[in-house]
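Presented below is the structure to which this report refers.
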Amino acid sequence: MEEQPNGSVETPRTSRGPGVPSPPPGADELSAGRAGSGPGDAHTWERQVLEKLATETLREQRRTRRWGIFFKFAFLAYLTALVVPYLHLGTWLEGTTERYTAMVKLDGVIAAGKPASADHVVAGLRSAFADEASAGIILRINSPGGSPVQAGQIHDEILRLRKKYPDKRLYAVIADICASGGYYVAAAAEKIYADKGSIVGSIGVLMNGFGFVGLMDKLGIERRLLTAGKHKGLLDPFSPAKPEERAHLQRMLDSIHRQFIEVVERGRGKRLKGEESELFSGYVWTGARSLELGLVDALGSTGQVAREIFDAEKIVDYTVRDSVAKRVLDRFGASIGRGIVGTLQERELGNPRLD
C-alpha cells in the first residue's frame, strides 16, 4: 500500500493483464458475503447447493418410479380385462372332487359377431363337455331366433358332443323365449325344460323387406338399376317385384322350412303330439301349452334342473363373452357402422331368418 500526501492509504489494484475486464461493482462484496466470516463458510454454501441438487434428483427419481408402477398396473389391468373373459371357471376347479352343473347361455339374436354366435356358444359347450367335474350341461336359451346357418352350426355341434361324451347329459332350459332359431338349437338337446309362461315355437322361416315403387311414381323419381345377370336385382326395393322371383324365393323358404321341420322331428320324435299343420305353422305357445304339444318335456328352471335332475346345485357358467375392450369399442363407434350396414343389407337383400 502507498501513503498519499493527504495521509490516506491507497490499496494497490491487482493487475489483470490486457483485455481482462474488471469485476462488476459489488462482486467483491458478494464473494465476501458468500465466504462469510470464516474460511469454512464457502464450503458450507457449496455443500448446501449439492445437497439441494441431490434432493431434487431423488424426488424426480421417485416420481418417475411411481409413474412407472402406475403404468405397469394399468397395463396389467388391461391385459386381465382382455384375458379373463376367455378363461372358463371350470379350469380353476380341475382336480376338485366337488361336482357341479355346467351352464352355457344362449342369449339374444343368433347371428355372427353377436354374443349368441355359433363361435361363442360352441366354444362354451366344448369346454363344458370336456370338464370331468361337471355332472351335466344346461343350455340356457333366451332367444327370439336369428340366422339359420348359425343355429344349424350350434345344433350340429351339440349332436357331435353328445355322441363324443355319451355319459354327459345336455338339457335345454328355456327362459323367457325360445322361438324359431332358438328352438332349432333346443331340438338337439336330450330334454327341454321351460317355464309355464315361456314363449316357445315359431317353427318357420321369414324374409321381409319394403317396396317404394308406388311412392317413387308419385314423386316422379326414376329408378336406374344396371345389373349383369337377369335376377341380380332380386328384391330391389325400388323396382317392381317379378312373379318368377317371388316363386323362386318362396321355394327357397319352403326348403329351409322343411329342414327346420326335419330337425325338430328328428330331435323330438314321438314326443310331438300336435298336428304338423299346427306345430310347424309359425305359431308360438306358452310353456304350459308347449308341454301338451310335446315341444318341451317338463316345466322347470335352471336351478331346479341343476338341483333335482343333475343333483349338483352349484352352477358354473361356461358362457364365452367378448373382452371388455371389444365391448367398449362395439358400443362406441364400431358397432354403429356395422349396424347400419347390416340393417340396410338385411332390408334390401331380405336375408332369410328363423325368427
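Order determines the names: the first chain of the C-alpha cells is A, the second B, and so forth; residues in each chain are numbered 1 upward, and ligands are numbered 1 upward as they are shown.
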Can you tell me, as number ranges by chain, which residues in range 140-277 of chain A count as helix (DSSP H, G or I) by DSSP? A: 148-164, 181-186, 213-219, 243-271, 276-277
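Residue nearest Ile256 in chain A, chosen from A:Tyr283, A:Phe71, A:Tyr193, A:Tyr184 and counting only C-alpha atoms: A:Tyr184.
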Correct to one decimal, the distance CA of Asp311 in chain A-CA of Phe129 in chain A is 17.0 Å
Could you tell me, as a PDB file with N, CA and C atoms, in the first residue's frame, which residues of range 81-217 of chain A DSSP assigns to strand (DSSP E or B) when given the backbone?
```pdb
ATOM      1  N   TYR A 100     -70.510 -80.278 -10.090  1.00  0.00           N
ATOM      2  CA  TYR A 100     -71.372 -79.127 -10.286  1.00  0.00           C
ATOM      3  C   TYR A 100     -72.020 -79.220 -11.662  1.00  0.00           C
ATOM      4  N   THR A 101     -72.981 -78.346 -11.898  1.00  0.00           N
ATOM      5  CA  THR A 101     -73.664 -78.283 -13.189  1.00  0.00           C
ATOM      6  C   THR A 101     -73.013 -77.215 -14.052  1.00  0.00           C
ATOM      7  N   ALA A 102     -72.641 -77.579 -15.250  1.00  0.00           N
ATOM      8  CA  ALA A 102     -72.076 -76.608 -16.194  1.00  0.00           C
ATOM      9  C   ALA A 102     -73.215 -75.953 -16.961  1.00  0.00           C
ATOM     10  N   MET A 103     -73.083 -74.660 -17.204  1.00  0.00           N
ATOM     11  CA  MET A 103     -74.126 -73.924 -17.908  1.00  0.00           C
ATOM     12  C   MET A 103     -73.520 -73.075 -19.022  1.00  0.00           C
ATOM     13  N   VAL A 104     -74.192 -73.066 -20.156  1.00  0.00           N
ATOM     14  CA  VAL A 104     -73.829 -72.192 -21.274  1.00  0.00           C
ATOM     15  C   VAL A 104     -75.081 -71.414 -21.657  1.00  0.00           C
ATOM     16  N   LYS A 105     -74.954 -70.097 -21.761  1.00  0.00           N
ATOM     17  CA  LYS A 105     -76.100 -69.253 -22.087  1.00  0.00           C
ATOM     18  C   LYS A 105     -76.148 -68.951 -23.584  1.00  0.00           C
ATOM     19  N   LEU A 106     -77.344 -68.997 -24.125  1.00  0.00           N
ATOM     20  CA  LEU A 106     -77.602 -68.543 -25.489  1.00  0.00           C
ATOM     21  C   LEU A 106     -78.612 -67.412 -25.367  1.00  0.00           C
ATOM     22  N   ASP A 107     -78.093 -66.187 -25.319  1.00  0.00           N
ATOM     23  CA  ASP A 107     -78.939 -65.007 -25.086  1.00  0.00           C
ATOM     24  C   ASP A 107     -78.945 -64.109 -26.308  1.00  0.00           C
ATOM     25  N   ILE A 110     -79.446 -64.874 -32.607  1.00  0.00           N
ATOM     26  CA  ILE A 110     -78.393 -65.786 -33.044  1.00  0.00           C
ATOM     27  C   ILE A 110     -77.834 -65.261 -34.363  1.00  0.00           C
ATOM     28  N   SER A 134     -68.007 -81.755 -14.267  1.00  0.00           N
ATOM     29  CA  SER A 134     -69.392 -81.332 -14.489  1.00  0.00           C
ATOM     30  C   SER A 134     -70.320 -82.541 -14.498  1.00  0.00           C
ATOM     31  N   ALA A 135     -71.400 -82.446 -13.729  1.00  0.00           N
ATOM     32  CA  ALA A 135     -72.368 -83.540 -13.658  1.00  0.00           C
ATOM     33  C   ALA A 135     -73.279 -83.572 -14.876  1.00  0.00           C
ATOM     34  N   GLY A 136     -73.417 -82.446 -15.537  1.00  0.00           N
ATOM     35  CA  GLY A 136     -74.254 -82.337 -16.723  1.00  0.00           C
ATOM     36  C   GLY A 136     -74.201 -80.912 -17.234  1.00  0.00           C
ATOM     37  N   ILE A 137     -74.772 -80.689 -18.395  1.00  0.00           N
ATOM     38  CA  ILE A 137     -74.719 -79.361 -19.021  1.00  0.00           C
ATOM     39  C   ILE A 137     -76.123 -78.839 -19.238  1.00  0.00           C
ATOM     40  N   ILE A 138     -76.327 -77.579 -18.875  1.00  0.00           N
ATOM     41  CA  ILE A 138     -77.575 -76.873 -19.159  1.00  0.00           C
ATOM     42  C   ILE A 138     -77.291 -75.829 -20.233  1.00  0.00           C
ATOM     43  N   LEU A 139     -78.050 -75.872 -21.307  1.00  0.00           N
ATOM     44  CA  LEU A 139     -78.010 -74.818 -22.312  1.00  0.00           C
ATOM     45  C   LEU A 139     -79.201 -73.911 -22.032  1.00  0.00           C
ATOM     46  N   ARG A 140     -78.929 -72.768 -21.451  1.00  0.00           N
ATOM     47  CA  ARG A 140     -79.993 -71.837 -21.062  1.00  0.00           C
ATOM     48  C   ARG A 140     -80.289 -70.923 -22.247  1.00  0.00           C
ATOM     49  N   ILE A 141     -81.498 -71.037 -22.793  1.00  0.00           N
ATOM     50  CA  ILE A 141     -81.846 -70.329 -24.024  1.00  0.00           C
ATOM     51  C   ILE A 141     -82.844 -69.215 -23.738  1.00  0.00           C
ATOM     52  N   ASN A 142     -82.510 -68.039 -24.225  1.00  0.00           N
ATOM     53  CA  ASN A 142     -83.415 -66.898 -24.170  1.00  0.00           C
ATOM     54  C   ASN A 142     -83.210 -66.128 -25.472  1.00  0.00           C
ATOM     55  N   SER A 143     -83.825 -66.613 -26.548  1.00  0.00           N
ATOM     56  CA  SER A 143     -83.555 -66.071 -27.878  1.00  0.00           C
ATOM     57  C   SER A 143     -84.805 -66.085 -28.757  1.00  0.00           C
ATOM     58  N   GLY A 146     -82.863 -66.166 -35.204  1.00  0.00           N
ATOM     59  CA  GLY A 146     -81.803 -65.482 -35.936  1.00  0.00           C
ATOM     60  C   GLY A 146     -81.394 -66.248 -37.176  1.00  0.00           C
ATOM     61  N   LEU A 170     -77.050 -83.262 -21.762  1.00  0.00           N
ATOM     62  CA  LEU A 170     -77.253 -81.845 -22.047  1.00  0.00           C
ATOM     63  C   LEU A 170     -78.752 -81.589 -22.137  1.00  0.00           C
ATOM     64  N   TYR A 171     -79.239 -80.730 -21.276  1.00  0.00           N
ATOM     65  CA  TYR A 171     -80.644 -80.353 -21.270  1.00  0.00           C
ATOM     66  C   TYR A 171     -80.762 -78.865 -21.605  1.00  0.00           C
ATOM     67  N   ALA A 172     -81.747 -78.533 -22.399  1.00  0.00           N
ATOM     68  CA  ALA A 172     -82.034 -77.131 -22.704  1.00  0.00           C
ATOM     69  C   ALA A 172     -83.074 -76.615 -21.716  1.00  0.00           C
ATOM     70  N   VAL A 173     -82.830 -75.433 -21.186  1.00  0.00           N
ATOM     71  CA  VAL A 173     -83.773 -74.793 -20.273  1.00  0.00           C
ATOM     72  C   VAL A 173     -84.153 -73.444 -20.875  1.00  0.00           C
ATOM     73  N   ILE A 174     -85.446 -73.256 -21.127  1.00  0.00           N
ATOM     74  CA  ILE A 174     -85.941 -72.042 -21.769  1.00  0.00           C
ATOM     75  C   ILE A 174     -86.268 -71.004 -20.704  1.00  0.00           C
ATOM     76  N   ALA A 175     -85.795 -69.790 -20.919  1.00  0.00           N
ATOM     77  CA  ALA A 175     -86.109 -68.682 -20.010  1.00  0.00           C
ATOM     78  C   ALA A 175     -87.371 -67.982 -20.497  1.00  0.00           C
ATOM     79  N   ASP A 176     -87.256 -66.762 -20.992  1.00  0.00           N
ATOM     80  CA  ASP A 176     -88.441 -66.019 -21.439  1.00  0.00           C
ATOM     81  C   ASP A 176     -88.950 -66.492 -22.794  1.00  0.00           C
ATOM     82  N   ILE A 177     -88.025 -66.707 -23.724  1.00  0.00           N
ATOM     83  CA  ILE A 177     -88.443 -67.036 -25.090  1.00  0.00           C
ATOM     84  C   ILE A 177     -87.448 -67.984 -25.740  1.00  0.00           C
ATOM     85  N   CYS A 178     -87.991 -68.915 -26.489  1.00  0.00           N
ATOM     86  CA  CYS A 178     -87.180 -69.832 -27.291  1.00  0.00           C
ATOM     87  C   CYS A 178     -87.956 -70.042 -28.589  1.00  0.00           C
ATOM     88  N   ALA A 179     -87.742 -69.131 -29.510  1.00  0.00           N
ATOM     89  CA  ALA A 179     -88.518 -69.143 -30.745  1.00  0.00           C
ATOM     90  C   ALA A 179     -87.623 -69.349 -31.950  1.00  0.00           C
ATOM     91  N   LYS A 191     -83.273 -83.278 -23.469  1.00  0.00           N
ATOM     92  CA  LYS A 191     -84.578 -82.882 -22.943  1.00  0.00           C
ATOM     93  C   LYS A 191     -84.672 -81.362 -22.940  1.00  0.00           C
ATOM     94  N   ILE A 192     -85.909 -80.872 -22.966  1.00  0.00           N
ATOM     95  CA  ILE A 192     -86.153 -79.439 -22.964  1.00  0.00           C
ATOM     96  C   ILE A 192     -87.076 -79.099 -21.799  1.00  0.00           C
ATOM     97  N   TYR A 193     -86.665 -78.116 -21.003  1.00  0.00           N
ATOM     98  CA  TYR A 193     -87.475 -77.629 -19.886  1.00  0.00           C
ATOM     99  C   TYR A 193     -87.848 -76.175 -20.153  1.00  0.00           C
ATOM    100  N   ALA A 194     -88.996 -75.757 -19.633  1.00  0.00           N
ATOM    101  CA  ALA A 194     -89.451 -74.380 -19.823  1.00  0.00           C
ATOM    102  C   ALA A 194     -90.293 -73.956 -18.638  1.00  0.00           C
ATOM    103  N   ILE A 199     -92.313 -68.384 -23.863  1.00  0.00           N
ATOM    104  CA  ILE A 199     -92.817 -68.351 -25.239  1.00  0.00           C
ATOM    105  C   ILE A 199     -91.985 -69.330 -26.063  1.00  0.00           C
ATOM    106  N   VAL A 200     -92.662 -70.297 -26.668  1.00  0.00           N
ATOM    107  CA  VAL A 200     -91.964 -71.390 -27.365  1.00  0.00           C
ATOM    108  C   VAL A 200     -92.591 -71.594 -28.746  1.00  0.00           C
ATOM    109  N   GLY A 201     -91.746 -71.907 -29.712  1.00  0.00           N
ATOM    110  CA  GLY A 201     -92.278 -72.283 -31.027  1.00  0.00           C
ATOM    111  C   GLY A 201     -91.750 -71.432 -32.151  1.00  0.00           C
ATOM    112  N   LEU A 206     -88.853 -66.668 -42.337  1.00  0.00           N
ATOM    113  CA  LEU A 206     -89.408 -65.457 -42.943  1.00  0.00           C
ATOM    114  C   LEU A 206     -88.326 -64.692 -43.679  1.00  0.00           C
TER     115      LEU A 206
END
```
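Residues in contact range of Glu262 in chain A, defined as at most 12 Å between only C-alpha atoms, with sequence neighbours fewer than 3 positions away removed, read Tyr184, Ala187, Ala188, Ile203, Gly204, Ser255, Ile256, His257, Arg258, Gln259, Glu265, Arg266, Gly267, Arg268, Gly269, Glu276 and Phe280 of chain A.
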Put those residues in a file: C-alpha atoms, as a CSV table (one decimal), in the first residue's frame.
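Saved to result12.csv:
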```
chain,number,residue,atom,x,y,z
A,184,TYR,CA,-83.9,-75.1,-33.7
A,187,ALA,CA,-84.2,-79.6,-30.5
A,188,ALA,CA,-80.7,-81.0,-30.3
A,203,ILE,CA,-91.1,-73.0,-36.3
A,204,GLY,CA,-91.0,-71.3,-39.6
A,255,SER,CA,-86.7,-75.7,-48.4
A,256,ILE,CA,-85.3,-74.1,-45.3
A,257,HIS,CA,-88.7,-74.7,-43.5
A,258,ARG,CA,-88.5,-78.3,-44.4
A,259,GLN,CA,-85.0,-78.6,-43.0
A,265,GLU,CA,-89.0,-84.2,-35.8
A,266,ARG,CA,-85.6,-86.0,-35.5
A,267,GLY,CA,-84.9,-84.4,-32.2
A,268,ARG,CA,-88.3,-84.7,-30.6
A,269,GLY,CA,-89.5,-87.9,-32.3
A,276,GLU,CA,-97.9,-80.9,-38.2
A,280,PHE,CA,-94.9,-76.0,-37.9
```
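Considering only C-alpha atoms, the residue among A:Arg66, A:Arg126, A:Lys72, A:His231 positioned nearest to Tyr318 in chain A is A:Arg126.
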Between CA of Gly124 in chain A and CA of Gln153 in chain A, what is the spacing in Å?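 The value is 13.7 Å.
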Between A:Gly282, A:Arg169, A:Ala116, A:Lys163, single out the one closest to Ser147 in chain A, counting only C-alpha atoms. A:Ala116
The residue from A:Leu249, A:Val121, A:Leu58, A:Leu235 with the smallest atom-to-atom distance to Gly108 in chain A, counting only C-alpha atoms, is A:Val121
For the atom pair CA of Ala186 in chain A and CA of Ile158 in chain A, what is the interatomic distance in Å to one decimal place?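 Going from CA of Ala186 in chain A over to CA of Ile158 in chain A, I get 9.4 Å.
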